[in-house]
Structures are given as structure tokens and as C-alpha cells.
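Novice: The structure file structure.csv (CSV, N, CA and C atoms) is provided below.
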```
chain,number,residue,atom,x,y,z
A,10,MET,N,-9.7,2.5,2.9
A,10,MET,CA,-8.3,2.7,3.3
A,10,MET,C,-7.8,4.0,2.9
A,11,LEU,N,-7.1,4.7,3.7
A,11,LEU,CA,-6.6,6.0,3.4
A,11,LEU,C,-5.1,6.1,3.7
A,12,GLY,N,-4.3,6.5,2.8
A,12,GLY,CA,-2.8,6.6,3.0
A,12,GLY,C,-2.4,8.0,2.8
A,13,ILE,N,-1.4,8.5,3.6
A,13,ILE,CA,-0.8,9.8,3.4
A,13,ILE,C,0.7,9.6,3.4
A,14,HIS,N,1.3,10.0,2.3
A,14,HIS,CA,2.7,9.8,2.1
A,14,HIS,C,3.4,11.1,1.7
A,15,LEU,N,4.6,11.3,2.1
A,15,LEU,CA,5.5,12.4,1.6
A,15,LEU,C,6.5,11.8,0.7
A,16,SER,N,6.9,12.5,-0.3
A,16,SER,CA,7.9,12.0,-1.2
A,16,SER,C,9.0,13.0,-1.4
A,17,GLY,N,10.2,12.4,-1.4
A,17,GLY,CA,11.4,13.2,-1.7
A,17,GLY,C,12.0,12.7,-3.0
A,18,ARG,N,12.4,13.6,-3.9
A,18,ARG,CA,12.8,13.1,-5.2
A,18,ARG,C,14.2,13.8,-5.6
A,19,ILE,N,15.0,13.0,-6.3
A,19,ILE,CA,16.2,13.5,-6.9
A,19,ILE,C,16.0,13.2,-8.4
A,20,SER,N,16.0,14.2,-9.2
A,20,SER,CA,15.7,14.0,-10.7
A,20,SER,C,16.9,14.3,-11.5
A,21,ILE,N,17.1,13.4,-12.5
A,21,ILE,CA,18.1,13.5,-13.6
A,21,ILE,C,17.4,13.2,-14.9
A,22,ASN,N,17.3,14.3,-15.7
A,22,ASN,CA,16.6,14.2,-17.0
A,22,ASN,C,15.2,13.7,-16.8
A,23,ASN,N,14.8,12.5,-17.4
A,23,ASN,CA,13.4,12.0,-17.3
A,23,ASN,C,13.3,11.1,-16.1
A,24,PHE,N,14.3,10.8,-15.4
A,24,PHE,CA,14.3,9.8,-14.3
A,24,PHE,C,14.3,10.6,-13.0
A,25,SER,N,13.6,10.0,-12.0
A,25,SER,CA,13.6,10.5,-10.6
A,25,SER,C,13.7,9.3,-9.7
A,26,PHE,N,14.6,9.4,-8.7
A,26,PHE,CA,14.6,8.5,-7.6
A,26,PHE,C,13.8,9.0,-6.5
A,27,GLU,N,12.9,8.2,-5.9
A,27,GLU,CA,12.0,8.7,-4.8
A,27,GLU,C,12.1,7.9,-3.6
A,28,PHE,N,12.0,8.6,-2.5
A,28,PHE,CA,11.9,7.9,-1.2
A,28,PHE,C,10.5,8.4,-0.6
A,29,ARG,N,9.6,7.5,-0.2
A,29,ARG,CA,8.3,7.8,0.1
A,29,ARG,C,7.8,7.2,1.4
A,30,PRO,N,8.0,7.9,2.6
A,30,PRO,CA,7.5,7.4,3.8
A,30,PRO,C,6.0,7.8,4.0
A,31,GLY,N,5.3,7.0,4.8
A,31,GLY,CA,3.9,7.4,4.9
A,31,GLY,C,3.2,6.5,6.0
A,32,PHE,N,1.9,6.8,6.1
A,32,PHE,CA,1.0,6.1,7.0
A,32,PHE,C,-0.3,5.6,6.3
A,33,VAL,N,-0.7,4.4,6.6
A,33,VAL,CA,-2.0,3.9,6.0
A,33,VAL,C,-2.9,3.6,7.1
A,34,TYR,N,-4.2,4.0,7.0
A,34,TYR,CA,-5.2,3.8,7.9
A,34,TYR,C,-6.3,3.0,7.2
A,35,ASP,N,-6.8,1.9,7.8
A,35,ASP,CA,-7.8,1.1,7.3
A,35,ASP,C,-8.9,1.0,8.4
A,36,PRO,N,-10.2,1.5,8.1
A,36,PRO,CA,-11.2,1.5,9.1
A,36,PRO,C,-11.6,0.1,9.6
A,37,LYS,N,-11.3,-1.0,8.8
A,37,LYS,CA,-11.5,-2.3,9.3
A,37,LYS,C,-10.3,-2.8,10.2
A,38,ASP,N,-9.3,-2.0,10.3
A,38,ASP,CA,-8.1,-2.3,11.2
A,38,ASP,C,-7.3,-3.5,10.7
A,39,HIS,N,-7.4,-3.9,9.5
A,39,HIS,CA,-6.6,-5.1,9.0
A,39,HIS,C,-5.3,-4.7,8.4
A,40,TYR,N,-5.2,-3.5,7.8
A,40,TYR,CA,-4.0,-3.0,7.1
A,40,TYR,C,-3.7,-1.6,7.5
A,41,ASP,N,-3.3,-1.5,8.8
A,41,ASP,CA,-2.9,-0.2,9.4
A,41,ASP,C,-1.4,-0.2,9.6
A,42,GLY,N,-0.7,0.9,9.4
A,42,GLY,CA,0.7,0.9,9.7
A,42,GLY,C,1.4,2.0,9.0
A,43,ILE,N,2.7,1.9,9.3
A,43,ILE,CA,3.6,2.9,8.6
A,43,ILE,C,4.3,2.1,7.4
A,44,GLU,N,4.7,2.9,6.4
A,44,GLU,CA,5.3,2.3,5.3
A,44,GLU,C,6.4,3.3,4.7
A,45,TYR,N,7.3,2.7,4.0
A,45,TYR,CA,8.3,3.5,3.3
A,45,TYR,C,8.7,2.7,2.0
A,46,GLY,N,8.9,3.5,1.0
A,46,GLY,CA,9.2,2.9,-0.3
A,46,GLY,C,10.3,3.6,-1.0
A,47,PHE,N,10.9,2.8,-1.9
A,47,PHE,CA,12.0,3.3,-2.8
A,47,PHE,C,11.6,3.1,-4.2
A,48,TYR,N,11.6,4.1,-5.0
A,48,TYR,CA,11.0,4.1,-6.3
A,48,TYR,C,11.8,4.8,-7.4
A,49,LEU,N,11.7,4.3,-8.6
A,49,LEU,CA,12.3,5.0,-9.8
A,49,LEU,C,11.2,5.4,-10.7
A,50,ARG,N,11.1,6.7,-11.0
A,50,ARG,CA,10.1,7.2,-11.9
A,50,ARG,C,10.6,7.6,-13.2
A,51,TYR,N,9.9,7.3,-14.3
A,51,TYR,CA,10.3,7.7,-15.6
A,51,TYR,C,9.2,8.5,-16.2
A,52,MET,N,9.5,9.8,-16.6
A,52,MET,CA,8.5,10.7,-17.2
A,52,MET,C,8.7,10.7,-18.7
A,53,PHE,N,7.6,10.3,-19.4
A,53,PHE,CA,7.7,10.3,-20.9
A,53,PHE,C,7.6,11.7,-21.4
A,54,ASN,N,8.4,11.9,-22.5
A,54,ASN,CA,8.4,13.3,-23.1
A,54,ASN,C,7.1,13.5,-23.9
A,55,ASN,N,6.6,14.8,-23.8
A,55,ASN,CA,5.5,15.3,-24.6
A,55,ASN,C,4.1,14.6,-24.4
A,56,ILE,N,3.9,13.7,-23.4
A,56,ILE,CA,2.6,13.1,-23.3
A,56,ILE,C,2.1,13.1,-21.8
A,57,ASN,N,2.8,13.7,-20.9
A,57,ASN,CA,2.4,13.8,-19.5
A,57,ASN,C,2.2,12.5,-18.8
A,58,LEU,N,2.6,11.4,-19.3
A,58,LEU,CA,2.5,10.1,-18.6
A,58,LEU,C,3.8,9.8,-17.9
A,59,TYR,N,3.7,9.0,-16.8
A,59,TYR,CA,4.9,8.5,-16.2
A,59,TYR,C,4.7,7.1,-15.6
A,60,LEU,N,5.8,6.4,-15.5
A,60,LEU,CA,5.8,5.0,-14.9
A,60,LEU,C,6.6,5.1,-13.7
A,61,VAL,N,6.2,4.4,-12.7
A,61,VAL,CA,6.9,4.3,-11.4
A,61,VAL,C,7.0,2.8,-11.0
A,62,GLY,N,8.2,2.4,-10.7
A,62,GLY,CA,8.4,1.1,-10.2
A,62,GLY,C,9.3,1.1,-8.9
A,63,GLY,N,9.0,0.2,-8.0
A,63,GLY,CA,9.8,0.2,-6.8
A,63,GLY,C,9.4,-0.9,-5.8
A,64,LEU,N,9.9,-0.6,-4.6
A,64,LEU,CA,9.6,-1.5,-3.5
A,64,LEU,C,9.1,-0.8,-2.3
A,65,ASN,N,7.9,-1.3,-1.8
A,65,ASN,CA,7.3,-0.7,-0.7
A,65,ASN,C,7.4,-1.6,0.5
A,66,VAL,N,7.7,-1.1,1.7
A,66,VAL,CA,7.7,-1.9,2.9
A,66,VAL,C,6.6,-1.4,3.8
A,67,HIS,N,5.7,-2.3,4.2
A,67,HIS,CA,4.6,-1.9,5.1
A,67,HIS,C,4.8,-2.6,6.4
A,68,GLU,N,4.8,-1.8,7.5
A,68,GLU,CA,4.9,-2.4,8.9
A,68,GLU,C,3.5,-2.4,9.5
A,69,ASN,N,2.8,-3.5,9.5
A,69,ASN,CA,1.4,-3.6,9.9
A,69,ASN,C,1.3,-3.6,11.4
A,70,PHE,N,0.4,-2.8,11.9
A,70,PHE,CA,0.1,-2.8,13.4
A,70,PHE,C,-0.7,-4.0,13.7
A,71,GLY,N,-0.3,-4.7,14.7
A,71,GLY,CA,-1.0,-5.9,15.2
A,71,GLY,C,-1.9,-5.5,16.3
A,72,GLU,N,-3.1,-6.1,16.3
A,72,GLU,CA,-4.1,-5.8,17.4
A,72,GLU,C,-5.1,-6.8,17.4
A,73,GLY,N,-5.9,-6.9,18.4
A,73,GLY,CA,-7.0,-7.8,18.4
A,73,GLY,C,-8.2,-7.3,19.2
A,74,HIS,N,-9.4,-7.6,18.8
A,74,HIS,CA,-10.5,-7.3,19.6
A,74,HIS,C,-11.6,-8.2,19.2
A,75,ASN,N,-12.5,-8.5,20.2
A,75,ASN,CA,-13.6,-9.5,20.0
A,75,ASN,C,-13.1,-10.8,19.4
A,76,PHE,N,-13.5,-11.2,18.2
A,76,PHE,CA,-13.1,-12.4,17.7
A,76,PHE,C,-12.1,-12.3,16.5
A,77,VAL,N,-11.5,-11.1,16.4
A,77,VAL,CA,-10.5,-10.8,15.3
A,77,VAL,C,-9.1,-10.6,15.8
A,78,THR,N,-8.2,-11.2,15.2
A,78,THR,CA,-6.8,-11.0,15.5
A,78,THR,C,-6.1,-10.5,14.2
A,79,VAL,N,-5.4,-9.3,14.3
A,79,VAL,CA,-4.7,-8.8,13.2
A,79,VAL,C,-3.2,-9.0,13.4
A,80,TYR,N,-2.5,-9.6,12.4
A,80,TYR,CA,-1.1,-10.0,12.6
A,80,TYR,C,-0.3,-8.7,12.4
A,81,SER,N,0.8,-8.7,13.3
A,81,SER,CA,1.8,-7.7,13.2
A,81,SER,C,2.9,-8.2,12.3
A,82,ASN,N,2.9,-7.7,11.0
A,82,ASN,CA,3.9,-8.3,10.0
A,82,ASN,C,4.6,-7.1,9.3
A,83,THR,N,5.6,-7.5,8.7
A,83,THR,CA,6.3,-6.6,7.7
A,83,THR,C,6.0,-7.1,6.3
A,84,PHE,N,5.4,-6.4,5.5
A,84,PHE,CA,5.0,-6.8,4.2
A,84,PHE,C,6.0,-6.1,3.2
A,85,ILE,N,6.6,-6.9,2.3
A,85,ILE,CA,7.4,-6.3,1.3
A,85,ILE,C,6.7,-6.5,0.0
A,86,LEU,N,6.4,-5.3,-0.7
A,86,LEU,CA,5.5,-5.2,-1.8
A,86,LEU,C,6.2,-4.6,-3.0
A,87,PRO,N,6.6,-5.3,-4.0
A,87,PRO,CA,7.0,-4.7,-5.3
A,87,PRO,C,5.9,-3.9,-5.9
A,88,THR,N,6.1,-2.8,-6.5
A,88,THR,CA,5.0,-1.9,-6.9
A,88,THR,C,5.3,-1.4,-8.3
A,89,ILE,N,4.2,-1.3,-9.0
A,89,ILE,CA,4.2,-0.7,-10.4
A,89,ILE,C,3.1,0.3,-10.4
A,90,SER,N,3.3,1.5,-11.0
A,90,SER,CA,2.3,2.6,-11.0
A,90,SER,C,2.4,3.2,-12.4
A,91,VAL,N,1.2,3.8,-12.8
A,91,VAL,CA,1.1,4.6,-14.0
A,91,VAL,C,0.5,5.9,-13.6
A,92,GLY,N,1.0,7.0,-14.0
A,92,GLY,CA,0.5,8.3,-13.6
A,92,GLY,C,0.3,9.2,-14.8
A,93,TYR,N,-0.5,10.2,-14.6
A,93,TYR,CA,-0.8,11.3,-15.5
A,93,TYR,C,-0.5,12.6,-14.9
A,94,GLN,N,0.3,13.4,-15.5
A,94,GLN,CA,0.7,14.7,-14.9
A,94,GLN,C,-0.3,15.8,-15.4
A,95,ILE,N,-1.2,16.2,-14.6
A,95,ILE,CA,-2.3,17.2,-15.0
A,95,ILE,C,-1.7,18.6,-15.1
A,96,SER,N,-0.9,19.0,-14.2
A,96,SER,CA,-0.2,20.3,-14.3
A,96,SER,C,1.2,20.1,-13.7
A,97,LYS,N,1.9,21.2,-13.6
A,97,LYS,CA,3.3,21.2,-13.1
A,97,LYS,C,3.3,20.6,-11.6
A,98,THR,N,2.3,20.9,-10.9
A,98,THR,CA,2.3,20.5,-9.5
A,98,THR,C,1.3,19.4,-9.1
A,99,LEU,N,0.5,18.9,-10.1
A,99,LEU,CA,-0.6,17.9,-9.7
A,99,LEU,C,-0.6,16.8,-10.7
A,100,GLY,N,-0.6,15.6,-10.2
A,100,GLY,CA,-0.7,14.4,-11.0
A,100,GLY,C,-1.6,13.3,-10.3
A,101,VAL,N,-2.1,12.4,-11.1
A,101,VAL,CA,-2.9,11.3,-10.5
A,101,VAL,C,-2.2,10.0,-11.0
A,102,LEU,N,-2.3,8.9,-10.1
A,102,LEU,CA,-1.7,7.7,-10.5
A,102,LEU,C,-2.5,6.5,-9.9
A,103,ILE,N,-2.3,5.4,-10.6
A,103,ILE,CA,-2.9,4.1,-10.1
A,103,ILE,C,-1.7,3.2,-9.9
A,104,SER,N,-1.8,2.4,-8.8
A,104,SER,CA,-0.7,1.6,-8.4
A,104,SER,C,-1.1,0.2,-8.0
A,105,TYR,N,-0.3,-0.8,-8.3
A,105,TYR,CA,-0.5,-2.2,-7.8
A,105,TYR,C,0.6,-2.6,-7.0
A,106,TYR,N,0.4,-3.1,-5.8
A,106,TYR,CA,1.4,-3.6,-4.9
A,106,TYR,C,1.2,-5.1,-4.8
A,107,ASN,N,2.2,-5.9,-5.2
A,107,ASN,CA,2.2,-7.3,-5.3
A,107,ASN,C,3.0,-7.9,-4.2
A,108,PRO,N,2.5,-8.6,-3.2
A,108,PRO,CA,3.3,-9.2,-2.1
A,108,PRO,C,4.3,-10.2,-2.7
A,109,ILE,N,5.5,-10.3,-2.1
A,109,ILE,CA,6.5,-11.3,-2.6
A,109,ILE,C,6.2,-12.7,-2.0
A,110,GLU,N,5.4,-12.8,-1.0
A,110,GLU,CA,5.0,-14.1,-0.5
A,110,GLU,C,3.6,-14.0,0.1
A,111,LYS,N,3.0,-15.1,0.5
A,111,LYS,CA,1.6,-15.1,1.0
A,111,LYS,C,1.7,-14.6,2.5
A,112,TYR,N,1.2,-13.4,2.7
A,112,TYR,CA,1.2,-12.9,4.1
A,112,TYR,C,-0.1,-13.1,4.7
A,113,LYS,N,-0.1,-13.5,6.0
A,113,LYS,CA,-1.3,-13.6,6.8
A,113,LYS,C,-1.7,-12.2,7.3
A,114,LEU,N,-2.9,-11.7,7.0
A,114,LEU,CA,-3.3,-10.4,7.4
A,114,LEU,C,-4.1,-10.4,8.7
A,115,PHE,N,-5.1,-11.3,8.8
A,115,PHE,CA,-5.9,-11.4,10.0
A,115,PHE,C,-6.5,-12.8,10.1
A,116,LYS,N,-7.0,-13.1,11.3
A,116,LYS,CA,-7.8,-14.3,11.5
A,116,LYS,C,-9.0,-13.9,12.3
A,117,GLU,N,-10.2,-14.5,11.9
A,117,GLU,CA,-11.4,-14.1,12.6
A,117,GLU,C,-12.2,-15.4,13.0
A,118,ALA,N,-12.7,-15.4,14.2
A,118,ALA,CA,-13.5,-16.6,14.6
A,118,ALA,C,-14.9,-16.2,14.6
A,119,THR,N,-15.7,-17.1,14.2
A,119,THR,CA,-17.2,-16.9,14.2
A,119,THR,C,-17.9,-18.1,14.9
A,120,LEU,N,-18.9,-17.7,15.6
A,120,LEU,CA,-19.7,-18.7,16.3
A,120,LEU,C,-21.1,-18.9,15.6
A,121,ASP,N,-21.4,-20.1,15.3
A,121,ASP,CA,-22.7,-20.4,14.8
A,121,ASP,C,-23.7,-20.7,16.0
A,122,GLU,N,-24.9,-21.1,15.7
A,122,GLU,CA,-25.9,-21.3,16.7
A,122,GLU,C,-25.5,-22.2,17.8
A,123,GLY,N,-24.6,-23.2,17.6
A,123,GLY,CA,-24.2,-24.2,18.6
A,123,GLY,C,-23.2,-23.7,19.6
A,124,GLY,N,-22.8,-22.4,19.5
A,124,GLY,CA,-21.9,-21.9,20.5
A,124,GLY,C,-20.4,-22.3,20.2
A,125,MET,N,-19.7,-22.6,21.2
A,125,MET,CA,-18.3,-22.9,21.1
A,125,MET,C,-18.1,-24.2,20.3
A,126,ASP,N,-19.1,-25.1,20.3
A,126,ASP,CA,-19.0,-26.3,19.5
A,126,ASP,C,-18.9,-26.1,18.0
A,127,ASN,N,-19.3,-24.9,17.6
A,127,ASN,CA,-19.3,-24.6,16.1
A,127,ASN,C,-18.4,-23.5,15.8
A,128,LEU,N,-17.3,-23.3,16.6
A,128,LEU,CA,-16.3,-22.3,16.3
A,128,LEU,C,-15.6,-22.5,15.0
A,129,GLN,N,-15.6,-21.5,14.1
A,129,GLN,CA,-14.9,-21.6,12.9
A,129,GLN,C,-13.9,-20.5,12.7
A,130,ILE,N,-12.7,-20.8,12.2
A,130,ILE,CA,-11.6,-19.8,12.1
A,130,ILE,C,-11.4,-19.5,10.6
A,131,TYR,N,-11.4,-18.2,10.2
A,131,TYR,CA,-11.2,-17.8,8.9
A,131,TYR,C,-9.9,-17.0,8.9
A,132,THR,N,-9.0,-17.2,7.9
A,132,THR,CA,-7.8,-16.5,7.8
A,132,THR,C,-7.8,-15.6,6.5
A,133,GLY,N,-7.5,-14.3,6.7
A,133,GLY,CA,-7.4,-13.4,5.6
A,133,GLY,C,-6.0,-13.2,5.2
A,134,ASN,N,-5.6,-13.4,3.9
A,134,ASN,CA,-4.3,-13.2,3.4
A,134,ASN,C,-4.2,-12.0,2.5
A,135,LEU,N,-3.1,-11.3,2.6
A,135,LEU,CA,-2.9,-10.2,1.7
A,135,LEU,C,-2.5,-10.7,0.3
A,136,ILE,N,-3.3,-10.4,-0.7
A,136,ILE,CA,-3.1,-10.9,-2.0
A,136,ILE,C,-2.7,-9.8,-3.0
A,137,GLY,N,-2.8,-8.6,-2.5
A,137,GLY,CA,-2.4,-7.4,-3.4
A,137,GLY,C,-3.1,-6.2,-2.9
A,138,VAL,N,-2.6,-5.1,-3.3
A,138,VAL,CA,-3.2,-3.8,-3.0
A,138,VAL,C,-3.3,-2.9,-4.3
A,139,ILE,N,-4.4,-2.4,-4.6
A,139,ILE,CA,-4.6,-1.5,-5.7
A,139,ILE,C,-4.9,-0.1,-5.0
A,140,ALA,N,-4.1,0.9,-5.5
A,140,ALA,CA,-4.2,2.2,-4.9
A,140,ALA,C,-4.4,3.3,-6.0
A,141,ILE,N,-5.2,4.2,-5.7
A,141,ILE,CA,-5.4,5.4,-6.6
A,141,ILE,C,-4.9,6.6,-5.8
A,142,GLY,N,-4.0,7.4,-6.3
A,142,GLY,CA,-3.5,8.5,-5.6
A,142,GLY,C,-3.4,9.8,-6.3
A,143,VAL,N,-3.2,10.8,-5.5
A,143,VAL,CA,-3.0,12.2,-6.0
A,143,VAL,C,-1.5,12.5,-5.7
A,144,ASP,N,-0.8,13.0,-6.7
A,144,ASP,CA,0.6,13.3,-6.5
A,144,ASP,C,0.7,14.8,-6.6
A,145,TRP,N,0.9,15.4,-5.4
A,145,TRP,CA,0.9,16.9,-5.3
A,145,TRP,C,2.3,17.3,-5.0
A,146,THR,N,2.9,18.1,-5.9
A,146,THR,CA,4.3,18.6,-5.7
A,146,THR,C,4.2,20.1,-5.3
A,147,PHE,N,5.0,20.4,-4.3
A,147,PHE,CA,5.0,21.8,-3.9
A,147,PHE,C,6.4,22.2,-3.6
```
Could you quickly redo this structure as C-alpha cells?
Specialist:
Amino acid sequence: MLGIHLSGRISINNFSFEFRPGFVYDPKDHYDGIEYGFYLRYMFNNINLYLVGGLNVHENFGEGHNFVTVYSNTFILPTISVGYQISKTLGVLISYYNPIEKYKLFKEATLDEGGMDNLQIYTGNLIGVIAIGVDWTF
């Protein structure tokens, strides 16, 4: 999965309010779409670490091909991140996105040797997202 986001910040002392629109691409086509988030960042003094908490909204593109159907859903994901500021313009962070409810992501049908008599349906649910990112400020 690859995501590209732009972030706008308003900073007051060690706190920053962020708005982060973006796009996520998944080669498996299960978690593609646009997203936007609202975050509060706290930068610790003298140790180059920061915490980010907020709410991410993901608008999943729905599509289907062969035996897979991807649901078109809006996912609301509370988020917590920890970051390290490498330089004035570059940081790295790890984030966890936790769905507020059990979202259906896709369903897939498989056929065993018996053909349509052995059709089985599997449902994939979104249980969380872990992301590693680069925070580049210019």
C-alpha cells in the first residue's frame, strides 16, 4: 500500500493542528481511495520526539472484478502516531489507525473442484492499519 498526503499545520508553542488530505493506493485493490484527517501534534522539548493523535476519514473506492467485490465505504479511523524529527525538515513516524466499527472491506468467492456446487464466500474486514511514513516539511 502506498499513500501520499499533504499536510497543512498551524503551530502554537509545542502544539500543531494539522489537516492532512491524501490518496492511498493498494495493489490488491482492497483499500484504495481518498482520505482526509484532522490531527493534533505535540512536540517534546529537547528529544526530537512527537506524538500525533487525530481522526482519519477514508473514502474507499468500490469495484469488482472476477470473483472479488470491494465495498465502497467511508471508514472513520481514530489514529495515534509516534514520530522522530531527524532534521528541521525531515521526520519519520509510525501510525496505527483503529476502525471505530467493524467495516467490510471486500468479499471473495472461490470455486473448488466441484464448480458452482462448491462456491465459498470469504469476507475481509478492516481490523486496523499500521503505517510507516516520512514527514517532509518544506
Novice: Counting all atoms listed in the file, find residues at most 5 Å from (4.0, 2.1, -7.2) (file frame) and give them as a PyMOL selection string.
Specialist: chain A and resi 61+88-90+104
Novice: Report as number ranges by chain: the residues of chain A with a DSSP assignment of strand (DSSP E), based on the backbone of this structure.
Specialist: A: 11-14, 17-21, 24-34, 42-52, 58-69, 72-74, 77-79, 83-94, 99-106, 112-120, 128-135, 138-145
Novice: Just checking: using all atoms listed in the file, which residue out of A:Tyr59, A:Tyr112, A:Tyr105, A:Phe47 ends up closest to Thr83 in chain A?
Specialist: A:Tyr112
Novice: To one decimal place, how far is atom C of Gly17 in chain A from atom C of Glu68 in chain A in Å?
Specialist: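 Between these atoms lies a distance of 21.4 Å.
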Novice: Using all atoms listed in the file, give me every residue within 7 Å of (3.6, -6.7, -2.3) in file coordinates, as a PyMOL selection string.
Specialist: chain A and resi 65+84-88+105-110+137-138
Novice: Take CA of Ile103 in chain A and atom C of Asn134 in chain A and report the distance between them in Å, one decimal.
Specialist: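 Calculated distance between CA of Ile103 in chain A and atom C of Asn134 in chain A is 20.5 Å.
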Novice: For a test of reading the model, state the distance in Å between CA of Asn69 in chain A and CA of Ile43 in chain A, rounded to one decimal.
Specialist: 7.0 Å
Novice: Looking at A:Leu58, A:Ser96, A:Lys116, A:Lys111, which one is nearest to Gly71 in chain A, with distances taken over only C-alpha atoms?
Specialist: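 Distance minimum relative to Gly71 in chain A lands on A:Lys116.
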Novice: My list of candidates is A:Ser81, A:Lys113, A:Ala118, A:Thr146. Which is closest to Thr98 in chain A when distances are computed with all atoms listed in the file?
Specialist: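 Closest candidate: A:Thr146.
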Novice: Find the residues near Leu15 in chain A: any atom within 6.5 Å, counting only N, CA and C atoms, skip ones fewer than 2 places away on the same chain, and give them as a list of chain:residue names.
Specialist: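 Here the answer would be A:Ile13, A:Gly17, A:Phe28, A:Arg29, A:Pro30, A:Gly31.
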Novice: Within 8 Å of Asn22 in chain A, counting only N, CA and C atoms, which residues show up once you throw out same-chain ones fewer than 3 positions away? Write them as an NGL selection string, please.
Specialist: :A and (19 or 25 or 51-52)
Novice: Quick one: of A:Val91, A:Ile141, A:Val79, A:Leu64, who's nearest to Tyr40 in chain A, counting only C-alpha atoms?
Specialist: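 Ranking A:Val91, A:Ile141, A:Val79, A:Leu64 by distance to Tyr40 in chain A, first place goes to A:Val79.
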Novice: Just add N, CA, C and O atoms to range 132-146 of chain A and send it as a PDB file, in the coordinates of the input.
Specialist:
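Full text of rebuild-v2.pdb as output:
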```
ATOM      1  N   THR A 132      -9.000 -17.200   7.900  1.00  0.00           N
ATOM      2  CA  THR A 132      -7.800 -16.500   7.800  1.00  0.00           C
ATOM      3  C   THR A 132      -7.800 -15.600   6.500  1.00  0.00           C
ATOM      4  O   THR A 132      -8.155 -16.103   5.459  1.00  0.00           O
ATOM      5  N   GLY A 133      -7.500 -14.300   6.700  1.00  0.00           N
ATOM      6  CA  GLY A 133      -7.400 -13.400   5.600  1.00  0.00           C
ATOM      7  C   GLY A 133      -6.000 -13.200   5.200  1.00  0.00           C
ATOM      8  O   GLY A 133      -5.127 -12.902   6.032  1.00  0.00           O
ATOM      9  N   ASN A 134      -5.600 -13.400   3.900  1.00  0.00           N
ATOM     10  CA  ASN A 134      -4.300 -13.200   3.400  1.00  0.00           C
ATOM     11  C   ASN A 134      -4.200 -12.000   2.500  1.00  0.00           C
ATOM     12  O   ASN A 134      -5.177 -11.620   1.843  1.00  0.00           O
ATOM     13  N   LEU A 135      -3.100 -11.300   2.600  1.00  0.00           N
ATOM     14  CA  LEU A 135      -2.900 -10.200   1.700  1.00  0.00           C
ATOM     15  C   LEU A 135      -2.500 -10.700   0.300  1.00  0.00           C
ATOM     16  O   LEU A 135      -1.464 -11.337   0.136  1.00  0.00           O
ATOM     17  N   ILE A 136      -3.300 -10.400  -0.700  1.00  0.00           N
ATOM     18  CA  ILE A 136      -3.100 -10.900  -2.000  1.00  0.00           C
ATOM     19  C   ILE A 136      -2.700  -9.800  -3.000  1.00  0.00           C
ATOM     20  O   ILE A 136      -2.268 -10.055  -4.102  1.00  0.00           O
ATOM     21  N   GLY A 137      -2.800  -8.600  -2.500  1.00  0.00           N
ATOM     22  CA  GLY A 137      -2.400  -7.400  -3.400  1.00  0.00           C
ATOM     23  C   GLY A 137      -3.100  -6.200  -2.900  1.00  0.00           C
ATOM     24  O   GLY A 137      -4.074  -6.257  -2.192  1.00  0.00           O
ATOM     25  N   VAL A 138      -2.600  -5.100  -3.300  1.00  0.00           N
ATOM     26  CA  VAL A 138      -3.200  -3.800  -3.000  1.00  0.00           C
ATOM     27  C   VAL A 138      -3.300  -2.900  -4.300  1.00  0.00           C
ATOM     28  O   VAL A 138      -2.266  -2.829  -5.008  1.00  0.00           O
ATOM     29  N   ILE A 139      -4.400  -2.400  -4.600  1.00  0.00           N
ATOM     30  CA  ILE A 139      -4.600  -1.500  -5.700  1.00  0.00           C
ATOM     31  C   ILE A 139      -4.900  -0.100  -5.000  1.00  0.00           C
ATOM     32  O   ILE A 139      -5.740   0.028  -4.185  1.00  0.00           O
ATOM     33  N   ALA A 140      -4.100   0.900  -5.500  1.00  0.00           N
ATOM     34  CA  ALA A 140      -4.200   2.200  -4.900  1.00  0.00           C
ATOM     35  C   ALA A 140      -4.400   3.300  -6.000  1.00  0.00           C
ATOM     36  O   ALA A 140      -3.777   3.175  -7.037  1.00  0.00           O
ATOM     37  N   ILE A 141      -5.200   4.200  -5.700  1.00  0.00           N
ATOM     38  CA  ILE A 141      -5.400   5.400  -6.600  1.00  0.00           C
ATOM     39  C   ILE A 141      -4.900   6.600  -5.800  1.00  0.00           C
ATOM     40  O   ILE A 141      -5.367   6.789  -4.639  1.00  0.00           O
ATOM     41  N   GLY A 142      -4.000   7.400  -6.300  1.00  0.00           N
ATOM     42  CA  GLY A 142      -3.500   8.500  -5.600  1.00  0.00           C
ATOM     43  C   GLY A 142      -3.400   9.800  -6.300  1.00  0.00           C
ATOM     44  O   GLY A 142      -3.513   9.847  -7.525  1.00  0.00           O
ATOM     45  N   VAL A 143      -3.200  10.800  -5.500  1.00  0.00           N
ATOM     46  CA  VAL A 143      -3.000  12.200  -6.000  1.00  0.00           C
ATOM     47  C   VAL A 143      -1.500  12.500  -5.700  1.00  0.00           C
ATOM     48  O   VAL A 143      -1.053  12.340  -4.576  1.00  0.00           O
ATOM     49  N   ASP A 144      -0.800  13.000  -6.700  1.00  0.00           N
ATOM     50  CA  ASP A 144       0.600  13.300  -6.500  1.00  0.00           C
ATOM     51  C   ASP A 144       0.700  14.800  -6.600  1.00  0.00           C
ATOM     52  O   ASP A 144       0.614  15.447  -7.662  1.00  0.00           O
ATOM     53  N   TRP A 145       0.900  15.400  -5.400  1.00  0.00           N
ATOM     54  CA  TRP A 145       0.900  16.900  -5.300  1.00  0.00           C
ATOM     55  C   TRP A 145       2.300  17.300  -5.000  1.00  0.00           C
ATOM     56  O   TRP A 145       2.858  16.965  -3.972  1.00  0.00           O
ATOM     57  N   THR A 146       2.900  18.100  -5.900  1.00  0.00           N
ATOM     58  CA  THR A 146       4.300  18.600  -5.700  1.00  0.00           C
ATOM     59  C   THR A 146       4.200  20.100  -5.300  1.00  0.00           C
ATOM     60  O   THR A 146       3.530  20.857  -5.944  1.00  0.00           O
TER      61      THR A 146
END
```
